[in-house]
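Data from target-v8.pdb: PDB, C-alpha atoms, pLDDT in the B column
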```pdb
MODEL        1
ATOM      1  CA  MET A   1     -19.310  -8.909  33.476  1.00 68.00           C
ATOM      2  CA  THR A   2     -21.832 -10.964  35.456  1.00 74.00           C
ATOM      3  CA  ALA A   3     -21.777 -14.722  34.812  1.00 78.00           C
ATOM      4  CA  SER A   4     -24.773 -16.515  33.311  1.00 75.00           C
ATOM      5  CA  ILE A   5     -26.143 -19.349  35.481  1.00 76.00           C
ATOM      6  CA  PRO A   6     -27.909 -22.293  33.753  1.00 71.00           C
ATOM      7  CA  PRO A   7     -31.298 -23.460  35.109  1.00 65.00           C
ATOM      8  CA  LEU A   8     -31.376 -25.636  38.223  1.00 64.00           C
ATOM      9  CA  ARG A   9     -32.634 -29.212  37.864  1.00 62.00           C
ATOM     10  CA  ARG A  10     -34.689 -29.845  41.011  1.00 54.00           C
ATOM     11  CA  ARG A  11     -34.458 -33.119  42.929  1.00 56.00           C
ATOM     12  CA  ALA A  12     -35.807 -34.509  46.196  1.00 48.00           C
ATOM     13  CA  ARG A  13     -33.216 -33.097  48.612  1.00 64.00           C
ATOM     14  CA  SER A  14     -32.792 -29.881  50.554  1.00 86.00           C
ATOM     15  CA  VAL A  15     -33.020 -26.889  48.251  1.00 90.00           C
ATOM     16  CA  SER A  16     -29.848 -25.286  49.596  1.00 92.00           C
ATOM     17  CA  ALA A  17     -27.888 -28.504  48.920  1.00 92.00           C
ATOM     18  CA  GLU A  18     -29.228 -28.596  45.361  1.00 91.00           C
ATOM     19  CA  VAL A  19     -28.206 -24.995  44.769  1.00 92.00           C
ATOM     20  CA  ALA A  20     -24.742 -25.556  46.251  1.00 92.00           C
ATOM     21  CA  ALA A  21     -24.274 -28.720  44.156  1.00 91.00           C
ATOM     22  CA  HIS A  22     -25.368 -26.920  40.979  1.00 91.00           C
ATOM     23  CA  LEU A  23     -22.998 -24.000  41.450  1.00 92.00           C
ATOM     24  CA  GLU A  24     -20.094 -26.177  42.639  1.00 89.00           C
ATOM     25  CA  ALA A  25     -20.418 -28.363  39.552  1.00 88.00           C
ATOM     26  CA  LEU A  26     -20.318 -25.256  37.319  1.00 90.00           C
ATOM     27  CA  ILE A  27     -17.130 -24.148  39.067  1.00 88.00           C
ATOM     28  CA  THR A  28     -15.563 -27.609  38.959  1.00 84.00           C
ATOM     29  CA  ASN A  29     -16.178 -28.164  35.240  1.00 82.00           C
ATOM     30  CA  GLY A  30     -14.979 -24.688  34.315  1.00 84.00           C
ATOM     31  CA  GLU A  31     -18.261 -23.116  33.227  1.00 89.00           C
ATOM     32  CA  LEU A  32     -17.711 -20.627  36.035  1.00 90.00           C
ATOM     33  CA  ARG A  33     -14.098 -19.461  36.176  1.00 88.00           C
ATOM     34  CA  ALA A  34     -11.969 -17.752  38.779  1.00 87.00           C
ATOM     35  CA  GLY A  35     -12.903 -14.076  38.940  1.00 88.00           C
ATOM     36  CA  ASP A  36     -16.396 -14.517  37.483  1.00 91.00           C
ATOM     37  CA  ARG A  37     -18.935 -12.375  39.327  1.00 91.00           C
ATOM     38  CA  LEU A  38     -22.198 -14.081  40.177  1.00 92.00           C
ATOM     39  CA  PRO A  39     -25.545 -12.322  39.714  1.00 91.00           C
ATOM     40  CA  SER A  40     -26.999 -10.491  42.701  1.00 89.00           C
ATOM     41  CA  GLU A  41     -28.662 -12.596  45.384  1.00 88.00           C
ATOM     42  CA  ARG A  42     -32.099 -11.388  44.340  1.00 90.00           C
ATOM     43  CA  GLU A  43     -31.485 -12.099  40.637  1.00 91.00           C
ATOM     44  CA  LEU A  44     -29.856 -15.474  41.278  1.00 91.00           C
ATOM     45  CA  ALA A  45     -32.701 -16.643  43.539  1.00 91.00           C
ATOM     46  CA  ALA A  46     -35.262 -15.580  40.942  1.00 91.00           C
ATOM     47  CA  ASN A  47     -33.398 -17.249  38.059  1.00 90.00           C
ATOM     48  CA  MET A  48     -33.060 -20.522  39.974  1.00 90.00           C
ATOM     49  CA  ASN A  49     -36.610 -20.323  41.352  1.00 91.00           C
ATOM     50  CA  VAL A  50     -35.526 -20.744  44.974  1.00 92.00           C
ATOM     51  CA  SER A  51     -36.011 -18.676  48.093  1.00 92.00           C
ATOM     52  CA  ARG A  52     -33.352 -16.197  49.105  1.00 92.00           C
ATOM     53  CA  SER A  53     -32.881 -18.019  52.411  1.00 92.00           C
ATOM     54  CA  SER A  54     -32.092 -21.293  50.585  1.00 92.00           C
ATOM     55  CA  LEU A  55     -29.742 -19.457  48.256  1.00 92.00           C
ATOM     56  CA  ARG A  56     -28.039 -17.766  51.203  1.00 91.00           C
ATOM     57  CA  GLN A  57     -27.393 -21.143  52.886  1.00 93.00           C
ATOM     58  CA  ALA A  58     -25.899 -22.474  49.659  1.00 92.00           C
ATOM     59  CA  MET A  59     -23.649 -19.431  49.294  1.00 92.00           C
ATOM     60  CA  PHE A  60     -22.401 -19.818  52.865  1.00 91.00           C
ATOM     61  CA  GLU A  61     -21.494 -23.435  52.052  1.00 91.00           C
ATOM     62  CA  LEU A  62     -19.628 -22.479  48.885  1.00 92.00           C
ATOM     63  CA  GLU A  63     -17.807 -19.766  50.800  1.00 90.00           C
ATOM     64  CA  SER A  64     -16.784 -22.255  53.514  1.00 88.00           C
ATOM     65  CA  LYS A  65     -15.374 -24.488  50.746  1.00 86.00           C
ATOM     66  CA  GLN A  66     -13.405 -21.469  49.458  1.00 84.00           C
ATOM     67  CA  LEU A  67     -15.107 -21.727  46.066  1.00 89.00           C
ATOM     68  CA  ILE A  68     -16.575 -18.219  46.159  1.00 89.00           C
ATOM     69  CA  GLU A  69     -15.730 -14.968  47.883  1.00 90.00           C
ATOM     70  CA  ARG A  70     -18.496 -12.726  49.185  1.00 86.00           C
ATOM     71  CA  ARG A  71     -17.900  -9.045  49.889  1.00 83.00           C
ATOM     72  CA  GLN A  72     -20.347  -6.463  51.114  1.00 76.00           C
ATOM     73  CA  GLY A  73     -21.318  -4.182  48.266  1.00 71.00           C
ATOM     74  CA  ARG A  74     -19.346  -6.166  45.681  1.00 75.00           C
ATOM     75  CA  GLY A  75     -21.374  -9.363  45.520  1.00 81.00           C
ATOM     76  CA  SER A  76     -19.951 -12.852  45.089  1.00 89.00           C
ATOM     77  CA  THR A  77     -17.123 -13.942  42.817  1.00 91.00           C
ATOM     78  CA  VAL A  78     -15.537 -17.298  42.056  1.00 91.00           C
ATOM     79  CA  THR A  79     -12.288 -17.508  43.997  1.00 85.00           C
ATOM     80  CA  GLU A  80      -8.817 -17.874  42.599  1.00 76.00           C
ATOM     81  CA  THR A  81      -6.976 -21.122  43.313  1.00 63.00           C
ATOM     82  CA  PRO A  82      -5.407 -20.937  46.805  1.00 54.00           C
ATOM     83  CA  ARG A  83      -1.751 -19.943  46.733  1.00 52.00           C
ATOM     84  CA  HIS A  84      -0.526 -23.214  48.237  1.00 53.00           C
ATOM     85  CA  ALA A  85      -2.383 -25.158  45.540  1.00 52.00           C
ATOM     86  CA  ASP A  86      -0.899 -22.924  42.825  1.00 56.00           C
ATOM     87  CA  ALA A  87       2.582 -23.440  44.219  1.00 53.00           C
ATOM     88  CA  LEU A  88       2.105 -27.194  44.285  1.00 51.00           C
ATOM     89  CA  THR A  89       0.773 -27.207  40.719  1.00 52.00           C
ATOM     90  CA  GLU A  90       3.715 -25.196  39.395  1.00 55.00           C
ATOM     91  CA  GLY A  91       6.194 -27.370  41.266  1.00 51.00           C
ATOM     92  CA  LEU A  92       4.707 -30.567  39.931  1.00 50.00           C
ATOM     93  CA  ARG A  93       4.546 -29.272  36.371  1.00 53.00           C
ATOM     94  CA  ALA A  94       8.287 -28.679  36.482  1.00 46.00           C
ATOM     95  CA  LEU A  95       8.939 -32.376  37.126  1.00 48.00           C
ATOM     96  CA  ASP A  96       9.713 -34.833  34.346  1.00 47.00           C
ATOM     97  CA  ILE A  97       6.979 -37.310  35.234  1.00 53.00           C
ATOM     98  CA  GLU A  98       7.198 -40.937  34.173  1.00 64.00           C
ATOM     99  CA  LEU A  99       3.850 -42.591  33.529  1.00 65.00           C
ATOM    100  CA  GLY A 100       4.592 -45.423  35.934  1.00 75.00           C
ATOM    101  CA  HIS A 101       5.322 -42.946  38.720  1.00 79.00           C
ATOM    102  CA  ALA A 102       2.098 -41.050  37.994  1.00 76.00           C
ATOM    103  CA  ILE A 103       0.058 -44.259  38.126  1.00 83.00           C
ATOM    104  CA  GLU A 104       1.734 -45.203  41.403  1.00 87.00           C
ATOM    105  CA  LEU A 105       0.891 -41.780  42.840  1.00 86.00           C
ATOM    106  CA  ARG A 106      -2.718 -42.159  41.725  1.00 90.00           C
ATOM    107  CA  ASP A 107      -2.894 -45.576  43.409  1.00 92.00           C
ATOM    108  CA  LEU A 108      -1.712 -43.991  46.643  1.00 93.00           C
ATOM    109  CA  VAL A 109      -3.757 -40.794  46.561  1.00 94.00           C
ATOM    110  CA  GLU A 110      -7.163 -41.646  45.099  1.00 95.00           C
ATOM    111  CA  PRO A 111      -8.189 -44.353  47.604  1.00 97.00           C
ATOM    112  CA  ARG A 112      -7.413 -41.874  50.410  1.00 97.00           C
ATOM    113  CA  ILE A 113      -9.477 -39.233  48.596  1.00 97.00           C
ATOM    114  CA  ALA A 114     -12.396 -41.679  48.474  1.00 98.00           C
ATOM    115  CA  GLU A 115     -12.013 -42.452  52.174  1.00 98.00           C
ATOM    116  CA  LEU A 116     -12.011 -38.768  53.127  1.00 98.00           C
ATOM    117  CA  ALA A 117     -14.938 -38.073  50.813  1.00 98.00           C
ATOM    118  CA  ALA A 118     -16.938 -40.752  52.634  1.00 98.00           C
ATOM    119  CA  LEU A 119     -16.197 -39.011  55.927  1.00 98.00           C
ATOM    120  CA  ARG A 120     -16.651 -35.403  54.794  1.00 97.00           C
ATOM    121  CA  ALA A 121     -19.031 -35.296  51.806  1.00 96.00           C
ATOM    122  CA  LEU A 122     -21.978 -32.941  52.218  1.00 94.00           C
ATOM    123  CA  ASP A 123     -25.368 -33.431  50.590  1.00 94.00           C
ATOM    124  CA  SER A 124     -24.317 -31.050  47.826  1.00 94.00           C
ATOM    125  CA  ASN A 125     -21.268 -33.198  47.051  1.00 95.00           C
ATOM    126  CA  LEU A 126     -23.407 -36.329  46.842  1.00 96.00           C
ATOM    127  CA  LEU A 127     -25.842 -34.573  44.522  1.00 94.00           C
ATOM    128  CA  SER A 128     -23.018 -33.509  42.211  1.00 94.00           C
ATOM    129  CA  LEU A 129     -21.576 -37.023  42.080  1.00 96.00           C
ATOM    130  CA  ASP A 130     -25.017 -38.534  41.495  1.00 95.00           C
ATOM    131  CA  ASP A 131     -25.621 -36.089  38.657  1.00 94.00           C
ATOM    132  CA  VAL A 132     -22.416 -37.184  36.893  1.00 96.00           C
ATOM    133  CA  LEU A 133     -23.429 -40.829  37.229  1.00 97.00           C
ATOM    134  CA  THR A 134     -26.881 -40.014  35.826  1.00 96.00           C
ATOM    135  CA  ARG A 135     -25.270 -38.445  32.760  1.00 95.00           C
ATOM    136  CA  SER A 136     -22.806 -41.328  32.311  1.00 96.00           C
ATOM    137  CA  SER A 137     -23.486 -44.370  30.124  1.00 95.00           C
ATOM    138  CA  ASP A 138     -21.555 -47.051  28.263  1.00 94.00           C
ATOM    139  CA  THR A 139     -23.303 -45.839  25.090  1.00 95.00           C
ATOM    140  CA  LEU A 140     -21.482 -42.485  25.153  1.00 95.00           C
ATOM    141  CA  SER A 141     -18.549 -41.739  22.920  1.00 95.00           C
ATOM    142  CA  ALA A 142     -15.108 -42.541  24.309  1.00 93.00           C
ATOM    143  CA  ALA A 143     -14.302 -38.811  24.572  1.00 93.00           C
ATOM    144  CA  GLU A 144     -17.495 -37.948  26.465  1.00 95.00           C
ATOM    145  CA  SER A 145     -17.113 -40.979  28.723  1.00 95.00           C
ATOM    146  CA  LEU A 146     -13.571 -39.886  29.580  1.00 94.00           C
ATOM    147  CA  ARG A 147     -14.718 -36.310  30.225  1.00 94.00           C
ATOM    148  CA  LEU A 148     -17.345 -37.505  32.715  1.00 95.00           C
ATOM    149  CA  ASP A 149     -14.812 -39.873  34.265  1.00 95.00           C
ATOM    150  CA  VAL A 150     -12.519 -36.930  34.965  1.00 94.00           C
ATOM    151  CA  GLU A 151     -15.448 -34.884  36.282  1.00 94.00           C
ATOM    152  CA  PHE A 152     -16.440 -37.691  38.685  1.00 96.00           C
ATOM    153  CA  HIS A 153     -12.937 -38.015  40.146  1.00 96.00           C
ATOM    154  CA  THR A 154     -12.569 -34.227  40.394  1.00 94.00           C
ATOM    155  CA  LEU A 155     -15.872 -33.870  42.251  1.00 95.00           C
ATOM    156  CA  LEU A 156     -14.852 -36.724  44.544  1.00 97.00           C
ATOM    157  CA  ALA A 157     -11.666 -34.828  45.386  1.00 95.00           C
ATOM    158  CA  HIS A 158     -13.752 -31.732  46.138  1.00 94.00           C
ATOM    159  CA  ALA A 159     -15.892 -33.879  48.462  1.00 96.00           C
ATOM    160  CA  ALA A 160     -12.759 -34.662  50.474  1.00 96.00           C
ATOM    161  CA  GLN A 161     -12.697 -30.922  51.334  1.00 94.00           C
ATOM    162  CA  ASN A 162      -8.934 -30.510  50.804  1.00 92.00           C
ATOM    163  CA  PRO A 163      -7.717 -28.195  48.006  1.00 87.00           C
ATOM    164  CA  LEU A 164      -4.297 -29.848  47.886  1.00 86.00           C
ATOM    165  CA  LEU A 165      -5.909 -33.189  47.102  1.00 91.00           C
ATOM    166  CA  VAL A 166      -7.948 -31.496  44.360  1.00 89.00           C
ATOM    167  CA  THR A 167      -4.674 -30.222  42.878  1.00 86.00           C
ATOM    168  CA  LEU A 168      -3.034 -33.651  43.078  1.00 87.00           C
ATOM    169  CA  CYS A 169      -6.073 -35.232  41.453  1.00 89.00           C
ATOM    170  CA  ALA A 170      -5.946 -32.717  38.595  1.00 86.00           C
ATOM    171  CA  MET A 171      -2.249 -33.303  37.996  1.00 83.00           C
ATOM    172  CA  THR A 172      -2.460 -37.119  38.019  1.00 85.00           C
ATOM    173  CA  THR A 173      -5.389 -36.821  35.611  1.00 85.00           C
ATOM    174  CA  GLU A 174      -3.156 -34.994  33.123  1.00 81.00           C
ATOM    175  CA  TRP A 175      -0.224 -37.347  33.610  1.00 81.00           C
ATOM    176  CA  THR A 176      -2.325 -40.504  33.117  1.00 83.00           C
ATOM    177  CA  ARG A 177      -4.676 -39.242  30.386  1.00 83.00           C
ATOM    178  CA  SER A 178      -3.179 -41.490  27.702  1.00 79.00           C
ATOM    179  CA  THR A 179      -3.814 -44.679  29.672  1.00 80.00           C
ATOM    180  CA  ARG A 180      -7.220 -43.481  30.856  1.00 85.00           C
ATOM    181  CA  THR A 181      -8.212 -42.944  27.241  1.00 86.00           C
ATOM    182  CA  LEU A 182      -7.552 -46.627  26.585  1.00 82.00           C
ATOM    183  CA  SER A 183      -9.938 -47.604  29.391  1.00 83.00           C
ATOM    184  CA  HIS A 184     -12.806 -45.832  27.587  1.00 90.00           C
ATOM    185  CA  ARG A 185     -12.119 -47.120  24.089  1.00 89.00           C
ATOM    186  CA  THR A 186     -14.720 -49.921  24.063  1.00 92.00           C
ATOM    187  CA  ARG A 187     -18.263 -50.171  25.382  1.00 93.00           C
ATOM    188  CA  HIS A 188     -17.228 -53.029  27.688  1.00 92.00           C
ATOM    189  CA  ALA A 189     -14.452 -50.881  29.152  1.00 91.00           C
ATOM    190  CA  ARG A 190     -16.785 -47.924  29.661  1.00 94.00           C
ATOM    191  CA  ARG A 191     -19.301 -50.178  31.415  1.00 95.00           C
ATOM    192  CA  LEU A 192     -16.672 -51.540  33.828  1.00 94.00           C
ATOM    193  CA  SER A 193     -15.412 -48.040  34.579  1.00 94.00           C
ATOM    194  CA  LEU A 194     -18.934 -46.791  35.274  1.00 96.00           C
ATOM    195  CA  GLU A 195     -19.687 -49.776  37.505  1.00 97.00           C
ATOM    196  CA  GLY A 196     -16.594 -48.848  39.502  1.00 97.00           C
ATOM    197  CA  HIS A 197     -17.842 -45.284  39.892  1.00 98.00           C
ATOM    198  CA  HIS A 198     -21.199 -46.539  41.147  1.00 98.00           C
ATOM    199  CA  ARG A 199     -19.513 -48.712  43.800  1.00 98.00           C
ATOM    200  CA  ILE A 200     -17.408 -45.770  44.959  1.00 98.00           C
ATOM    201  CA  TYR A 201     -20.433 -43.481  45.099  1.00 98.00           C
ATOM    202  CA  GLU A 202     -22.513 -45.981  47.077  1.00 97.00           C
ATOM    203  CA  ALA A 203     -19.772 -46.299  49.704  1.00 98.00           C
ATOM    204  CA  VAL A 204     -19.293 -42.524  49.905  1.00 98.00           C
ATOM    205  CA  ALA A 205     -23.056 -41.942  50.188  1.00 97.00           C
ATOM    206  CA  ALA A 206     -23.180 -44.527  53.008  1.00 97.00           C
ATOM    207  CA  HIS A 207     -20.244 -42.735  54.705  1.00 97.00           C
ATOM    208  CA  ASP A 208     -18.341 -46.030  54.574  1.00 98.00           C
ATOM    209  CA  SER A 209     -14.739 -44.839  54.529  1.00 98.00           C
ATOM    210  CA  ALA A 210     -13.096 -48.260  54.329  1.00 98.00           C
ATOM    211  CA  GLY A 211     -15.578 -49.393  51.695  1.00 98.00           C
ATOM    212  CA  ALA A 212     -14.947 -46.275  49.590  1.00 98.00           C
ATOM    213  CA  GLY A 213     -11.186 -46.794  49.716  1.00 98.00           C
ATOM    214  CA  ALA A 214     -11.543 -50.457  48.767  1.00 98.00           C
ATOM    215  CA  ALA A 215     -13.940 -49.603  45.936  1.00 98.00           C
ATOM    216  CA  MET A 216     -11.466 -47.061  44.559  1.00 98.00           C
ATOM    217  CA  GLU A 217      -8.583 -49.535  44.771  1.00 97.00           C
ATOM    218  CA  ARG A 218     -10.638 -52.094  42.835  1.00 97.00           C
ATOM    219  CA  HIS A 219     -11.653 -49.462  40.270  1.00 96.00           C
ATOM    220  CA  LEU A 220      -8.057 -48.372  39.651  1.00 94.00           C
ATOM    221  CA  ARG A 221      -6.940 -51.989  39.345  1.00 93.00           C
ATOM    222  CA  GLU A 222      -9.677 -52.752  36.800  1.00 92.00           C
ATOM    223  CA  VAL A 223      -8.937 -49.590  34.804  1.00 88.00           C
ATOM    224  CA  ARG A 224      -5.239 -50.449  34.726  1.00 86.00           C
ATOM    225  CA  GLU A 225      -6.000 -53.973  33.468  1.00 86.00           C
ATOM    226  CA  LEU A 226      -8.317 -52.550  30.792  1.00 80.00           C
ATOM    227  CA  SER A 227      -5.591 -50.172  29.644  1.00 75.00           C
ATOM    228  CA  ILE A 228      -3.009 -52.958  29.408  1.00 74.00           C
ATOM    229  CA  ALA A 229      -5.438 -55.177  27.452  1.00 73.00           C
ATOM    230  CA  ALA A 230      -6.237 -52.326  25.031  1.00 66.00           C
ATOM    231  CA  ARG A 231      -2.600 -51.709  24.032  1.00 65.00           C
TER     232      ARG A 231
ENDMDL
END
```

Give the structure from the file, written as structure tokens.
Amino acid sequence: MTASIPPLRRRARSVSAEVAAHLEALITNGELRAGDRLPSERELAANMNVSRSSLRQAMFELESKQLIERRQGRGSTVTETPRHADALTEGLRALDIELGHAIELRDLVEPRIAELAALRALDSNLLSLDDVLTRSSDTLSAAESLRLDVEFHTLLAHAAQNPLLVTLCAMTTEWTRSTRTLSHRTRHARRLSLEGHHRIYEAVAAHDSAGAGAAMERHLREVRELSIAAR
């Protein structure tokens, strides 16, 4: 069955980057799942109101990120998780993880993710991150704020262009979900969290690796303090 692709919201960047960002976000948030077959190139270009050349550039980018697989005569499908990432996920799930250890791992990994994202992020990655920030607000419910928080950090990991880091990010998200929920309980907490995301994004968009790492370290420290205060 061919997947349904939502309309593309156009912004002032290269069309191919917008298309790549749109499709990558759908894959990242689970609207497009592994094994889903995308519409034909002609149909997809028409549905998104873009030229086939722009679409083709976007598809090449997604293929290079190992998010889709393109085969002659069979079209494009969303790829399965790489084997090494699956193996890591299964190995980590088997561990009896203490919350303190998970938080420590997050403190080690996420600043490095931010640094690599600043060095490697493509226009499509920046568009995806900007879109999450546009949809985020301290007026949202705690559940929706947390969902967008997770989406922001996941997209940041994708911007680092390393599937193992994406896997680690996903696992630490699950292990620390209870404390992260506390950091979205109040409007003040949601505002501080969002301000942290904006600082990280600005450093990544400026390709400031050291600044992105420092912004992430500050964000994690503030979130941890919010969680402790909320208990």

Box time for stretch 40-43 of chain A: axis-aligned, enclosing all its listed atoms, 4 Å extra on each side; report centre and edge lengths in Å to one decimal, as JSON.
```
{"center_x": -29.5, "center_y": -11.5, "center_z": 43.0, "size_x": 13.1, "size_y": 10.1, "size_z": 12.7}
```

Fill in: Who sits within 7 Å of stretch 173-180 of chain A, only C-alpha atoms, same chain under 2 positions skipped, as a ChimeraX atom specification
/A:99,102-103,169-171,182-184,227

Worksheet, complete the sentence: Among A:Leu194, A:Ala114, A:Val78, A:Ala229, A:Ala215 is approached most closely, using only C-alpha atoms, by A:Ala114

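Residue nearest A:Asn29 within the list A:His158, A:Arg52, A:Arg221, A:His101: A:His158 [criterion: smallest interatomic distance, all atoms listed in the file].
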
Fill in: Two-atom distance - atom CA of A:Ala160, atom CA of A:Leu122 (Å)
9.5 Å

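Distance-wise, atom CA of A:Arg33 and atom CA of A:Ser64 end up 17.8 Å apart.
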
Item to complete: For A:Ile68, please output as a PyMOL selection string all residues within 6 Å (counting all atoms listed in the file; exclusion window: fewer than 3 positions along the same chain).
Response: chain A and resi 62-63+77-79

Discussion item. Give me, as a ChimeraX atom specification, all polymer residues having an atom no more than 9 Å from stretch 17-24 of chain A, counting all atoms listed in the file and skipping those fewer than 3 positions away in the same chain.
Written reply: /A:5-6,8-14,27-29,32,48,50,54-55,57-59,61-62,67,122-129,155

Discussion item. My list of candidates is A:Glu225, A:Glu217, A:Asp208, A:Glu151. Which is closest to A:Leu26 when distances are computed with all atoms listed in the file?
Written reply: A:Glu151
